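Take a look at the structure below.
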There are 2 protein chains.
Amino acid sequence: MLIAEKKLEIKEIVKNARSEGRTIGLVPTMGYLHKGHVSLINRAKMDGCFTVVSIFVNPLQFGPTEDFEKYPRDIERDIEILKQADTDVAFIPSISEMYHNTHLTQVDVSILSEKLEGVFRPGHFKGVCTVVAKLFNIIRPDRAYFGWKDAQQLIIIRKMVADLDFNLEIVPVPTVREDDGLAASSRNVYLSDQDRKKACVLSKALHKIRKMVELYKITDVRILLEESKKIIETENVELQYIEAVDLETLKPVTSIKKNTGILAAIKVGNVRLIDNVIWE
Amino acid sequence: MLIAEKKLEIKEIVKNARSEGRTIGLVPTMGYLHKGHVSLINRAKMDGCFTVVSIFVNPLQFGPTEDFEKYPRDIERDIEILKQADTDVAFIPSISEMYHNTHLTQVDVSILSEKLEGVFRPGHFKGVCTVVAKLFNIIRPDRAYFGWKDAQQLIIIRKMVADLDFNLEIVPVPTVREDDGLAASSRNVYLSDQDRKKACVLSKALHKIRKMVELYKITDVRILLEESKKIIETENVELQYIEAVDLETLKPVTSIKKNTGILAAIKVGNVRLIDNVIWE
C-alpha cells in the first residue's frame with residue numbers, strides 16, 4: 001500500500017493509476033477505522049477501483065465545544081486495517097497541508113445543512129462539504145463512497161455534487177452494525193460498558209420501526225415515531241431528534257415510502273450518537 | 001467554431017481536445033462581448049490554449065433589485081466576435097441547463113466577499129463563485145482567464161481556487177479601456193452620452209493616481225485618495241467607495257507598494273461602474 005502525505009504526491013499517484021486506465025474510488029474518512037469503513041473500502045475494491053482512502057480529522061467540521069481534540073486517533077492501527085483491506089493508497093495529510101492559515105472558502109448546501117444534525121451542530125456540514133470538495137478536487141475520483149450511517153451527510157454531499165457539477169458518482173453503502181446492534185462509529189469508543197447498553201436502545205427502536213413497516217405494513221409516521229419514542233424512553237438517554245424525512249429534500253414526511261427514512265440522534269452521557277433506518 | 005449548449009456536449013468537446021494533448025483555457029463571460037473579453041481570448045490563444053468561452057448571464061450573482069432582466073444580451077453579435085477572435089468553442093447554456101430548480105449549494109469566500117463591492121452587492125460574489133466553481137467542474141480547464149477590471153472578483157476567484165484545491169491556474173489580464181479612458185464593460189451601454197462624459201471622471205482620477213505614484217513617487221494613500229476624490233467631485237456622480245487595499249487580503253493599506261491597488265465604484269444616474277489601478 002502506498003502512503004501519501006502531500007497533495008502533490010497523491011495527485012501523482014492517482015494520475016499514474018488513471019493513465020493505466022484505472023477507475024479511481026475515494027473513501028474519505030477521519031480515521032480510527034472500523035468495519036463500517038472497511039465495508040466502504042470493500043465496495044470500492046469490488047467495483048474494481050484503484051482505491052484511495054483519505055484519513056483526515058477535519059477541524060472545520062467540529063464546533064468550538066465539540067470533540068476535535070479528543071476525537072480518537074490511531075494511525076498505526078488504521079494503516080494495518082487499510083493494508084488488510086487491500087487499499088491501494090492512503091492519503092494522510094497534515095492540517096497545514098490541507099488548510100493554509102488564511103483559508104476562507106466554505107461550501108454550503110444551505111437548507112439541507114440546517115436541519116436535523118445541523119440544529120445541534122451549526123456549521124458542521126459546511127466544514128464537511130468544504131473538505132470533501134477539496135478532496136474531490138485533489139483526487140478527482142470517479143466514485144466516492146459514503147455510508148448510510150451518516151445519512152444527512154450522504155444526502156448533502158450528493159446534493160453538492162449535483163449542484164456544483166462534480167464529475168463523479170456518489171456510492172452509498174449500507175450501515176454496518178456491531179453484534180449488539182449499535183451502528184459502527186469511531187465515537188462508540190467513548191461509551192462506557194453501561195452507557196453502551198443504554199445506547200443500544202436507539203438501534204433497537206429503529207429495528208422495531210423497520211419491522212413494523214416491512215412486516216406489518218404500518219407506514220403512518222405518527223404511529224412509528226410514537227412507538228420508537230416509547231422504546232427510547234425506556235433508557236436514561238436524551239433523544240435529540242427523531243424525524244421521518246424525504247431522502248432528497250430532508251423535508252418531513254407523514255408516511256413511509258420509497259426514498260424516505262427515519263433519522264435520529266441521542267445523547268448518552270456526553271456522547272452524541274446518530275442512527276437511522278432508510279428505504280432507498 | 002463549435003457551439004455547445006449542453007454540459008455533456010462541452011465535456012465531450014473538451015475531452016477530445018485534451019486527448020489531443022491540448023491545454024484547455026476557459027474565459028468565463030456573461031456575453032455582450034467587448035474588447036476586454038477579446039483581450040482575454042487573445043491571451044488564451046497566445047498561450048496556445050484550446051479556448052473555451054462561456055456565455056452565461058448568471059442569475060445567482062444579481063441581487064433582487066439589480067439588472068439581471070435588462071442586462072444587455074446579443075448572442076448573434078457575440079458569436080461573430082468569438083469567431084473573429086478564433087475561439088475554439090463557445091459554451092452557451094440555458095439557465096435550466098446550469099441550475100436545476102432545486103439548486104441549493106453556494107460557494108462563499110466569506111470575508112473577501114463582504115468588502116467593497118460586497119457592501120453594495122450582498123450575495124454577489126457567492127453567486128459568482130458558485131457559477132465559476134460549476135464551470136471549473138464542467139470544463140476542468142488548465143487555465144482560466146479573468147480581467148483586472150473586476151479586481152475583487154479576480155482576487156476572490158484566485159482565493160477560491162487556492163482554498164478548494166482547484167487544479168488550474170488563474171491568469172489575470174490587464175483592463176482594456178475605451179478611447180475616452182472608460183474601462184471596457186458590458187454595462188457601459190447603459191450610459192447616455194452625457195452620463196458617459198461624467199463617468200470618465202473615475203478613470204481620469206485613477207490615471208492621475210497612477211501618475212502620482214509612478215512619476216512622482218507619492219505613495220501615501222491619504223494624499224492619493226484625497227486628490228482622487230477632489231477630481232471625482234468635479235462631476236455630478238456618486239462615489240460609492242474608493243479604497244487602497246492589499247491585493248490578496250483586500251485589507252486597507254496606508255501606502256502604495258507591490259501587490260496593492262486602489263479600487264473604486266461610482267454611480268452615474270442609475271448606472272454603477274467600477275474601476276481600479278493596481279500594482280501587481
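Quick note on naming: the chains in the C-alpha cells go A, B, ... in the order shown, residues restart at 1 in each chain, and ligands are numbered from 1 in order of appearance.
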message = as number ranges by chain, please: every residue in range 107-152 of chain B that DSSP puts in helix (DSSP H, G or I).
response = B: 110-114, 117-120, 124-139, 148-152
For the selection you just gave me, I'd like the residues written to a file as a PDB file, in the first residue's frame, keeping N, CA and C atoms.
ATOM      1  N   SER B 110     -16.171  34.035   2.020  1.00  0.00           N
ATOM      2  CA  SER B 110     -16.524  34.851   3.201  1.00  0.00           C
ATOM      3  C   SER B 110     -15.947  36.263   3.224  1.00  0.00           C
ATOM      4  N   ILE B 111     -15.019  36.558   4.105  1.00  0.00           N
ATOM      5  CA  ILE B 111     -14.598  37.938   4.359  1.00  0.00           C
ATOM      6  C   ILE B 111     -14.316  38.738   3.086  1.00  0.00           C
ATOM      7  N   LEU B 112     -13.620  38.117   2.130  1.00  0.00           N
ATOM      8  CA  LEU B 112     -13.259  38.851   0.906  1.00  0.00           C
ATOM      9  C   LEU B 112     -14.499  39.309   0.140  1.00  0.00           C
ATOM     10  N   SER B 113     -15.590  38.547   0.313  1.00  0.00           N
ATOM     11  CA  SER B 113     -16.814  38.838  -0.438  1.00  0.00           C
ATOM     12  C   SER B 113     -17.648  39.934   0.191  1.00  0.00           C
ATOM     13  N   GLU B 114     -17.328  40.257   1.437  1.00  0.00           N
ATOM     14  CA  GLU B 114     -18.158  41.229   2.149  1.00  0.00           C
ATOM     15  C   GLU B 114     -17.649  42.650   2.007  1.00  0.00           C
ATOM     16  N   GLU B 117     -17.227  45.905  -3.170  1.00  0.00           N
ATOM     17  CA  GLU B 117     -18.440  45.571  -3.933  1.00  0.00           C
ATOM     18  C   GLU B 117     -19.458  44.839  -3.063  1.00  0.00           C
ATOM     19  N   GLY B 118     -18.955  43.995  -2.159  1.00  0.00           N
ATOM     20  CA  GLY B 118     -19.836  43.173  -1.331  1.00  0.00           C
ATOM     21  C   GLY B 118     -20.774  43.994  -0.460  1.00  0.00           C
ATOM     22  N   VAL B 119     -20.331  45.180  -0.077  1.00  0.00           N
ATOM     23  CA  VAL B 119     -21.169  46.069   0.733  1.00  0.00           C
ATOM     24  C   VAL B 119     -22.384  46.525  -0.080  1.00  0.00           C
ATOM     25  N   PHE B 120     -22.141  46.798  -1.360  1.00  0.00           N
ATOM     26  CA  PHE B 120     -23.209  47.317  -2.219  1.00  0.00           C
ATOM     27  C   PHE B 120     -23.979  46.196  -2.924  1.00  0.00           C
ATOM     28  N   HIS B 124     -23.506  38.878  -4.075  1.00  0.00           N
ATOM     29  CA  HIS B 124     -22.993  38.878  -5.450  1.00  0.00           C
ATOM     30  C   HIS B 124     -21.869  37.856  -5.643  1.00  0.00           C
ATOM     31  N   PHE B 125     -20.871  37.904  -4.773  1.00  0.00           N
ATOM     32  CA  PHE B 125     -19.702  37.045  -5.003  1.00  0.00           C
ATOM     33  C   PHE B 125     -19.973  35.572  -4.705  1.00  0.00           C
ATOM     34  N   LYS B 126     -20.940  35.293  -3.828  1.00  0.00           N
ATOM     35  CA  LYS B 126     -21.359  33.901  -3.661  1.00  0.00           C
ATOM     36  C   LYS B 126     -21.877  33.369  -4.984  1.00  0.00           C
ATOM     37  N   GLY B 127     -22.676  34.193  -5.659  1.00  0.00           N
ATOM     38  CA  GLY B 127     -23.212  33.793  -6.960  1.00  0.00           C
ATOM     39  C   GLY B 127     -22.112  33.603  -7.988  1.00  0.00           C
ATOM     40  N   VAL B 128     -21.148  34.514  -7.973  1.00  0.00           N
ATOM     41  CA  VAL B 128     -20.021  34.414  -8.911  1.00  0.00           C
ATOM     42  C   VAL B 128     -19.217  33.135  -8.634  1.00  0.00           C
ATOM     43  N   CYS B 129     -18.862  32.936  -7.365  1.00  0.00           N
ATOM     44  CA  CYS B 129     -18.038  31.772  -7.017  1.00  0.00           C
ATOM     45  C   CYS B 129     -18.761  30.475  -7.348  1.00  0.00           C
ATOM     46  N   THR B 130     -20.060  30.442  -7.098  1.00  0.00           N
ATOM     47  CA  THR B 130     -20.819  29.219  -7.344  1.00  0.00           C
ATOM     48  C   THR B 130     -20.820  28.877  -8.830  1.00  0.00           C
ATOM     49  N   VAL B 131     -21.092  29.867  -9.670  1.00  0.00           N
ATOM     50  CA  VAL B 131     -21.145  29.553 -11.107  1.00  0.00           C
ATOM     51  C   VAL B 131     -19.747  29.250 -11.650  1.00  0.00           C
ATOM     52  N   VAL B 132     -18.746  29.938 -11.127  1.00  0.00           N
ATOM     53  CA  VAL B 132     -17.384  29.686 -11.605  1.00  0.00           C
ATOM     54  C   VAL B 132     -16.919  28.291 -11.160  1.00  0.00           C
ATOM     55  N   ALA B 133     -17.259  27.893  -9.928  1.00  0.00           N
ATOM     56  CA  ALA B 133     -16.928  26.532  -9.468  1.00  0.00           C
ATOM     57  C   ALA B 133     -17.594  25.504 -10.374  1.00  0.00           C
ATOM     58  N   LYS B 134     -18.853  25.760 -10.739  1.00  0.00           N
ATOM     59  CA  LYS B 134     -19.559  24.851 -11.650  1.00  0.00           C
ATOM     60  C   LYS B 134     -18.843  24.784 -13.014  1.00  0.00           C
ATOM     61  N   LEU B 135     -18.506  25.940 -13.545  1.00  0.00           N
ATOM     62  CA  LEU B 135     -17.813  25.955 -14.851  1.00  0.00           C
ATOM     63  C   LEU B 135     -16.472  25.224 -14.768  1.00  0.00           C
ATOM     64  N   PHE B 136     -15.761  25.426 -13.655  1.00  0.00           N
ATOM     65  CA  PHE B 136     -14.482  24.721 -13.482  1.00  0.00           C
ATOM     66  C   PHE B 136     -14.705  23.207 -13.456  1.00  0.00           C
ATOM     67  N   ASN B 137     -15.781  22.761 -12.800  1.00  0.00           N
ATOM     68  CA  ASN B 137     -16.035  21.320 -12.714  1.00  0.00           C
ATOM     69  C   ASN B 137     -16.533  20.742 -14.034  1.00  0.00           C
ATOM     70  N   ILE B 138     -17.285  21.528 -14.772  1.00  0.00           N
ATOM     71  CA  ILE B 138     -17.807  21.038 -16.058  1.00  0.00           C
ATOM     72  C   ILE B 138     -16.680  20.973 -17.089  1.00  0.00           C
ATOM     73  N   ILE B 139     -15.874  22.032 -17.139  1.00  0.00           N
ATOM     74  CA  ILE B 139     -14.890  22.177 -18.218  1.00  0.00           C
ATOM     75  C   ILE B 139     -13.500  21.687 -17.808  1.00  0.00           C
ATOM     76  N   TRP B 148      -8.472  42.211 -14.827  1.00  0.00           N
ATOM     77  CA  TRP B 148      -8.216  43.054 -13.659  1.00  0.00           C
ATOM     78  C   TRP B 148      -9.325  44.097 -13.470  1.00  0.00           C
ATOM     79  N   LYS B 149     -10.065  44.380 -14.531  1.00  0.00           N
ATOM     80  CA  LYS B 149     -11.190  45.310 -14.414  1.00  0.00           C
ATOM     81  C   LYS B 149     -12.062  44.955 -13.204  1.00  0.00           C
ATOM     82  N   ASP B 150     -12.408  43.668 -13.068  1.00  0.00           N
ATOM     83  CA  ASP B 150     -13.152  43.205 -11.896  1.00  0.00           C
ATOM     84  C   ASP B 150     -12.154  42.650 -10.883  1.00  0.00           C
ATOM     85  N   ALA B 151     -11.400  43.563 -10.273  1.00  0.00           N
ATOM     86  CA  ALA B 151     -10.260  43.169  -9.441  1.00  0.00           C
ATOM     87  C   ALA B 151     -10.691  42.299  -8.261  1.00  0.00           C
ATOM     88  N   GLN B 152     -11.766  42.716  -7.599  1.00  0.00           N
ATOM     89  CA  GLN B 152     -12.182  41.966  -6.422  1.00  0.00           C
ATOM     90  C   GLN B 152     -12.617  40.556  -6.819  1.00  0.00           C
TER      91      GLN B 152
END
query = Any idea what's packed within 7 Å of range 213-223 of chain A, counting only C-alpha atoms, ignoring anything in its chain fewer than 3 positions away? Could you give it as number ranges by chain?
reply = A: 209-210, 226-227, 244, 254-256
Restrict the calculation to only C-alpha atoms, then for each residue of chain A with any atom at most 7 Å from an atom of chain B give the closest atom pair and their distance in Å to one decimal, rows by chain and rising residue number, as JSON lines.
{"residue": "A:His103", "atom": "CA", "partner": "B:Asp163", "partner_atom": "CA", "distance": 5.8}
{"residue": "A:Leu104", "atom": "CA", "partner": "B:Val109", "partner_atom": "CA", "distance": 5.5}
{"residue": "A:Thr105", "atom": "CA", "partner": "B:Val109", "partner_atom": "CA", "distance": 4.2}
{"residue": "A:Gln106", "atom": "CA", "partner": "B:Asp108", "partner_atom": "CA", "distance": 5.3}
{"residue": "A:Val107", "atom": "CA", "partner": "B:Val107", "partner_atom": "CA", "distance": 4.6}
{"residue": "A:Asp108", "atom": "CA", "partner": "B:Gln106", "partner_atom": "CA", "distance": 5.3}
{"residue": "A:Val109", "atom": "CA", "partner": "B:Thr105", "partner_atom": "CA", "distance": 4.2}
{"residue": "A:Ser110", "atom": "CA", "partner": "B:Leu104", "partner_atom": "CA", "distance": 6.1}
{"residue": "A:Ala133", "atom": "CA", "partner": "B:Leu164", "partner_atom": "CA", "distance": 6.6}
{"residue": "A:Lys134", "atom": "CA", "partner": "B:Leu164", "partner_atom": "CA", "distance": 4.8}
{"residue": "A:Asn137", "atom": "CA", "partner": "B:Phe166", "partner_atom": "CA", "distance": 5.5}
{"residue": "A:Ile138", "atom": "CA", "partner": "B:Asp165", "partner_atom": "CA", "distance": 6.1}
{"residue": "A:Met160", "atom": "CA", "partner": "B:Thr105", "partner_atom": "CA", "distance": 6.0}
{"residue": "A:Asp163", "atom": "CA", "partner": "B:His103", "partner_atom": "CA", "distance": 5.8}
{"residue": "A:Leu164", "atom": "CA", "partner": "B:Lys134", "partner_atom": "CA", "distance": 4.8}
{"residue": "A:Asp165", "atom": "CA", "partner": "B:Lys134", "partner_atom": "CA", "distance": 5.5}
{"residue": "A:Phe166", "atom": "CA", "partner": "B:Asn137", "partner_atom": "CA", "distance": 5.5}
{"residue": "A:Asn167", "atom": "CA", "partner": "B:Asn137", "partner_atom": "CA", "distance": 6.7}
ask   = To one decimal place, how far is CA of Asp86 in chain B from CA of Pro28 in chain B in Å?
value =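 Those two atoms sit 15.8 Å apart.
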Quick one: residues within 7 Å of Leu168 in chain A, only C-alpha atoms, excluding same-chain residues fewer than 2 positions away - as a compact mmCIF listing (two decimals) with all heavy atoms, in the first residue's frame?
# COMPACT_ATOMS: atom_id res chain seq x y z
N PRO A 141 -11.72 11.76 -8.01
CA PRO A 141 -12.15 10.36 -8.13
C PRO A 141 -13.29 10.22 -9.13
O PRO A 141 -14.00 11.18 -9.41
CB PRO A 141 -12.65 10.04 -6.72
CG PRO A 141 -13.14 11.35 -6.20
CD PRO A 141 -12.20 12.39 -6.78
N ASP A 142 -13.44 9.00 -9.66
CA ASP A 142 -14.61 8.70 -10.49
C ASP A 142 -15.80 8.34 -9.61
O ASP A 142 -16.94 8.54 -10.00
CB ASP A 142 -14.28 7.54 -11.43
CG ASP A 142 -13.09 7.85 -12.30
OD1 ASP A 142 -13.23 8.73 -13.17
OD2 ASP A 142 -12.01 7.26 -12.09
N ARG A 143 -15.50 7.78 -8.45
CA ARG A 143 -16.53 7.42 -7.48
C ARG A 143 -16.07 7.77 -6.09
O ARG A 143 -14.89 7.68 -5.78
CB ARG A 143 -16.78 5.91 -7.53
CG ARG A 143 -17.40 5.47 -8.82
CD ARG A 143 -17.59 3.98 -8.82
NE ARG A 143 -18.02 3.58 -10.15
CZ ARG A 143 -18.09 2.34 -10.58
NH1 ARG A 143 -17.78 1.36 -9.77
NH2 ARG A 143 -18.49 2.07 -11.80
N PHE A 166 -19.74 18.35 -9.86
CA PHE A 166 -18.56 17.49 -9.71
C PHE A 166 -18.75 16.28 -10.60
O PHE A 166 -19.84 15.69 -10.64
CB PHE A 166 -18.39 17.06 -8.25
CG PHE A 166 -17.74 18.09 -7.39
CD1 PHE A 166 -18.50 18.88 -6.52
CD2 PHE A 166 -16.37 18.30 -7.45
CE1 PHE A 166 -17.89 19.84 -5.74
CE2 PHE A 166 -15.76 19.27 -6.67
CZ PHE A 166 -16.52 20.04 -5.80
N ILE A 170 -21.51 9.40 -6.49
CA ILE A 170 -21.51 9.09 -5.05
C ILE A 170 -22.15 7.71 -4.87
O ILE A 170 -23.26 7.48 -5.33
CB ILE A 170 -22.33 10.14 -4.27
CG1 ILE A 170 -21.70 11.53 -4.41
CG2 ILE A 170 -22.45 9.75 -2.80
CD1 ILE A 170 -20.31 11.66 -3.84
ask   = If we count only C-alpha atoms, what is near Tyr190 in chain A at a cut-off of 12 Å, once residues fewer than 2 positions away on the same chain are taken out, given as a PyMOL selection string?
value = chain A and resi 67+70-72+185-188+192-196+199+267-273
request  = Identify, on the basis of only C-alpha atoms, every residue whose closest approach to Ile13 in chain A does not exceed 12 Å; exclude the query and any residue fewer than 4 positions from it along the same chain; express the result as a list in words.
outcome  =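 The filter keeps Met1, Leu2, Ile3, Ala4, Glu5, Lys6, Lys7, Leu8, Glu9, Ala17, Arg18, Ser19, Glu20, Arg22, Ile24, Phe50, Thr51, Val52, Asp88, Val89, Ala90, Phe91, Ile138, Ile139 and Arg140 of chain A.
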message = Run DSSP on the backbone and tell me which residues of range 57-266 of chain B come out as strand (DSSP E); list them as a count of residues only.
response = 32
